[in-house]
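Novice: Just dropping this structure here.
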Amino acid sequence: MKNKWCLWLAILVLGSTLMAREKPICVMETEKGAVAFELFPEVAPRTVERISVLIRSGFYSNIIFHRVVANFVVQAGDPTGSGEGGSGQTIAAEFSHLHFIRGSVGMARNEDIHSNDSQFFICLNDQPHLDGKYTLFGQVIRGADVLDKILPGDKILSMHLEIK
């Protein structure tokens, strides 16, 4: 009987450990192809939660990439397309030890460090000068080549979440 309980406890602990390692993946369908990025809820929990709510609501469907800077970033998330808009709900920045490398996904903001809203950027190359100044909340795991094809005005057709 004791061994049976130990086995059940081991299964429960192992299952919990595996569940904790599951990561949300955002799949972004663009006019140029699909890009998937892993989200980091353990690093930026408020940001990942906010982005997830926006994704589930369809907020990013048909939003354009309003800012594309070669060797720097592609940026989207402004429903006005001007770079000045957002969802209307800001959240505080969440800084971490992570470094902005090619494929890092970060929150765009204005001069106010805590003005994160719905705009995000994806690094086209390593950007160490952004470390510790912007919230890094994800990393591209598939479709990095698509990023190099994106032009200003290209659309995000849709975004959805998966758990891997």
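Identifiers for the structure tokens are assigned positionally: chains receive A, B, ... in sequence, residues are indexed from 1 per chain, and ligands are indexed from 1 in the order shown.
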Can you list every residue in chain A that DSSP puts in alpha helix (DSSP H), as number ranges by chain?
Specialist: A: 2-21, 45-57, 144-147
Novice: Convert the current residue selection to file output with C-alpha atoms, as a PDB file, in the first residue's frame.
Specialist:
ATOM      1  CA  LYS A   2       2.858   2.364   0.902  1.00  0.00           C
ATOM      2  CA  ASN A   3       4.535   1.733  -2.476  1.00  0.00           C
ATOM      3  CA  LYS A   4       1.247   2.485  -4.255  1.00  0.00           C
ATOM      4  CA  TRP A   5       1.032   5.913  -2.557  1.00  0.00           C
ATOM      5  CA  CYS A   6       4.681   6.621  -3.351  1.00  0.00           C
ATOM      6  CA  LEU A   7       4.049   5.764  -6.994  1.00  0.00           C
ATOM      7  CA  TRP A   8       1.035   8.100  -7.129  1.00  0.00           C
ATOM      8  CA  LEU A   9       3.031  10.873  -5.455  1.00  0.00           C
ATOM      9  CA  ALA A  10       5.894  10.403  -7.938  1.00  0.00           C
ATOM     10  CA  ILE A  11       3.461  10.565 -10.862  1.00  0.00           C
ATOM     11  CA  LEU A  12       1.878  13.713  -9.445  1.00  0.00           C
ATOM     12  CA  VAL A  13       5.249  15.424  -8.916  1.00  0.00           C
ATOM     13  CA  LEU A  14       6.523  14.409 -12.359  1.00  0.00           C
ATOM     14  CA  GLY A  15       3.289  15.586 -13.989  1.00  0.00           C
ATOM     15  CA  SER A  16       3.472  18.929 -12.192  1.00  0.00           C
ATOM     16  CA  THR A  17       7.096  19.367 -13.223  1.00  0.00           C
ATOM     17  CA  LEU A  18       6.299  18.627 -16.856  1.00  0.00           C
ATOM     18  CA  MET A  19       3.305  20.961 -16.786  1.00  0.00           C
ATOM     19  CA  ALA A  20       5.472  23.761 -15.354  1.00  0.00           C
ATOM     20  CA  ARG A  21       7.821  23.366 -18.308  1.00  0.00           C
ATOM     21  CA  PRO A  45       4.128  37.357 -16.320  1.00  0.00           C
ATOM     22  CA  ARG A  46       2.028  40.543 -16.640  1.00  0.00           C
ATOM     23  CA  THR A  47       3.229  41.151 -20.179  1.00  0.00           C
ATOM     24  CA  VAL A  48       2.580  37.578 -21.316  1.00  0.00           C
ATOM     25  CA  GLU A  49      -0.878  37.656 -19.739  1.00  0.00           C
ATOM     26  CA  ARG A  50      -1.754  40.973 -21.419  1.00  0.00           C
ATOM     27  CA  ILE A  51      -0.428  39.883 -24.825  1.00  0.00           C
ATOM     28  CA  SER A  52      -2.297  36.575 -24.478  1.00  0.00           C
ATOM     29  CA  VAL A  53      -5.569  38.391 -23.784  1.00  0.00           C
ATOM     30  CA  LEU A  54      -5.033  40.589 -26.852  1.00  0.00           C
ATOM     31  CA  ILE A  55      -4.188  37.577 -29.023  1.00  0.00           C
ATOM     32  CA  ARG A  56      -7.269  35.640 -27.879  1.00  0.00           C
ATOM     33  CA  SER A  57      -9.483  38.672 -28.580  1.00  0.00           C
ATOM     34  CA  ALA A 144      12.986  33.726 -38.368  1.00  0.00           C
ATOM     35  CA  ASP A 145      13.613  33.878 -42.125  1.00  0.00           C
ATOM     36  CA  VAL A 146      10.142  35.398 -42.554  1.00  0.00           C
ATOM     37  CA  LEU A 147      11.175  38.405 -40.445  1.00  0.00           C
TER      38      LEU A 147
END
Novice: Write out as number ranges by chain each polymer residue whose atoms come within 9 Å of His97 of chain A, counting only C-alpha atoms; drop sequence neighbours fewer than 3 positions from it.
Specialist: A: 43, 131-132
Novice: Taking N, CA and C atoms for each residue, export the selection above as a short mmCIF file (atom, residue, chain, number, x, y, z; two decimals), in the first residue's frame.
Specialist:
data_model
loop_
_atom_site.label_atom_id
_atom_site.label_comp_id
_atom_site.auth_asym_id
_atom_site.auth_seq_id
_atom_site.Cartn_x
_atom_site.Cartn_y
_atom_site.Cartn_z
N VAL A 43 9.38 35.11 -16.84
CA VAL A 43 10.21 36.31 -16.90
C VAL A 43 9.36 37.58 -16.88
N ASP A 131 19.00 45.82 -23.74
CA ASP A 131 18.99 45.00 -22.52
C ASP A 131 18.71 45.87 -21.30
N GLY A 132 17.75 45.41 -20.48
CA GLY A 132 17.43 46.11 -19.24
C GLY A 132 16.64 47.40 -19.41
#
Novice: So that I can check the surroundings of Pro79 of chain A, please list as a list in words every protein, DNA and RNA residue that reaches within 9 Å of it, counting only C-alpha atoms and ignoring chain neighbours fewer than 5 positions away.
Specialist: Phe59, Tyr60, Asn62, Ile63, Ile64, Gly85, Gly86 and Ser87 of chain A
Novice: Out of chain A, which residues get strand (DSSP E) from DSSP, as number ranges by chain?
Specialist: A: 24-30, 33-39, 63-69, 73-76, 104-107, 120-123, 136-142, 155-163
Novice: For each of A:His160, A:Lys155, A:Lys23, A:Arg67, take the minimum atom-to-atom distance to Phe121 of chain A, counting only C-alpha atoms, then give the residue where this is smallest.
Specialist: A:Arg67
Novice: Pick out the closest residue to Gly81 of chain A from this set: A:Thr135, A:Gln127, A:Thr30, A:Gln119. Count only C-alpha atoms.
Specialist: A:Gln119
Novice: Identify which of the residues A:Ala44, A:Val69, A:Ile113, A:Ala34 lies closest to Leu98 of chain A, counting only C-alpha atoms when measuring atom-to-atom distances.
Specialist: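 Looking only at the distances to Leu98 of chain A, the closest residue turns out to be A:Ala44.
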Novice: Rank nothing, just name the residue among A:Val35, A:Ile101, A:Ile150, A:Ala92 nearest to His114 of chain A, using only C-alpha atoms.
Specialist: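 For His114 of chain A, the nearest of the candidates is A:Ala92.
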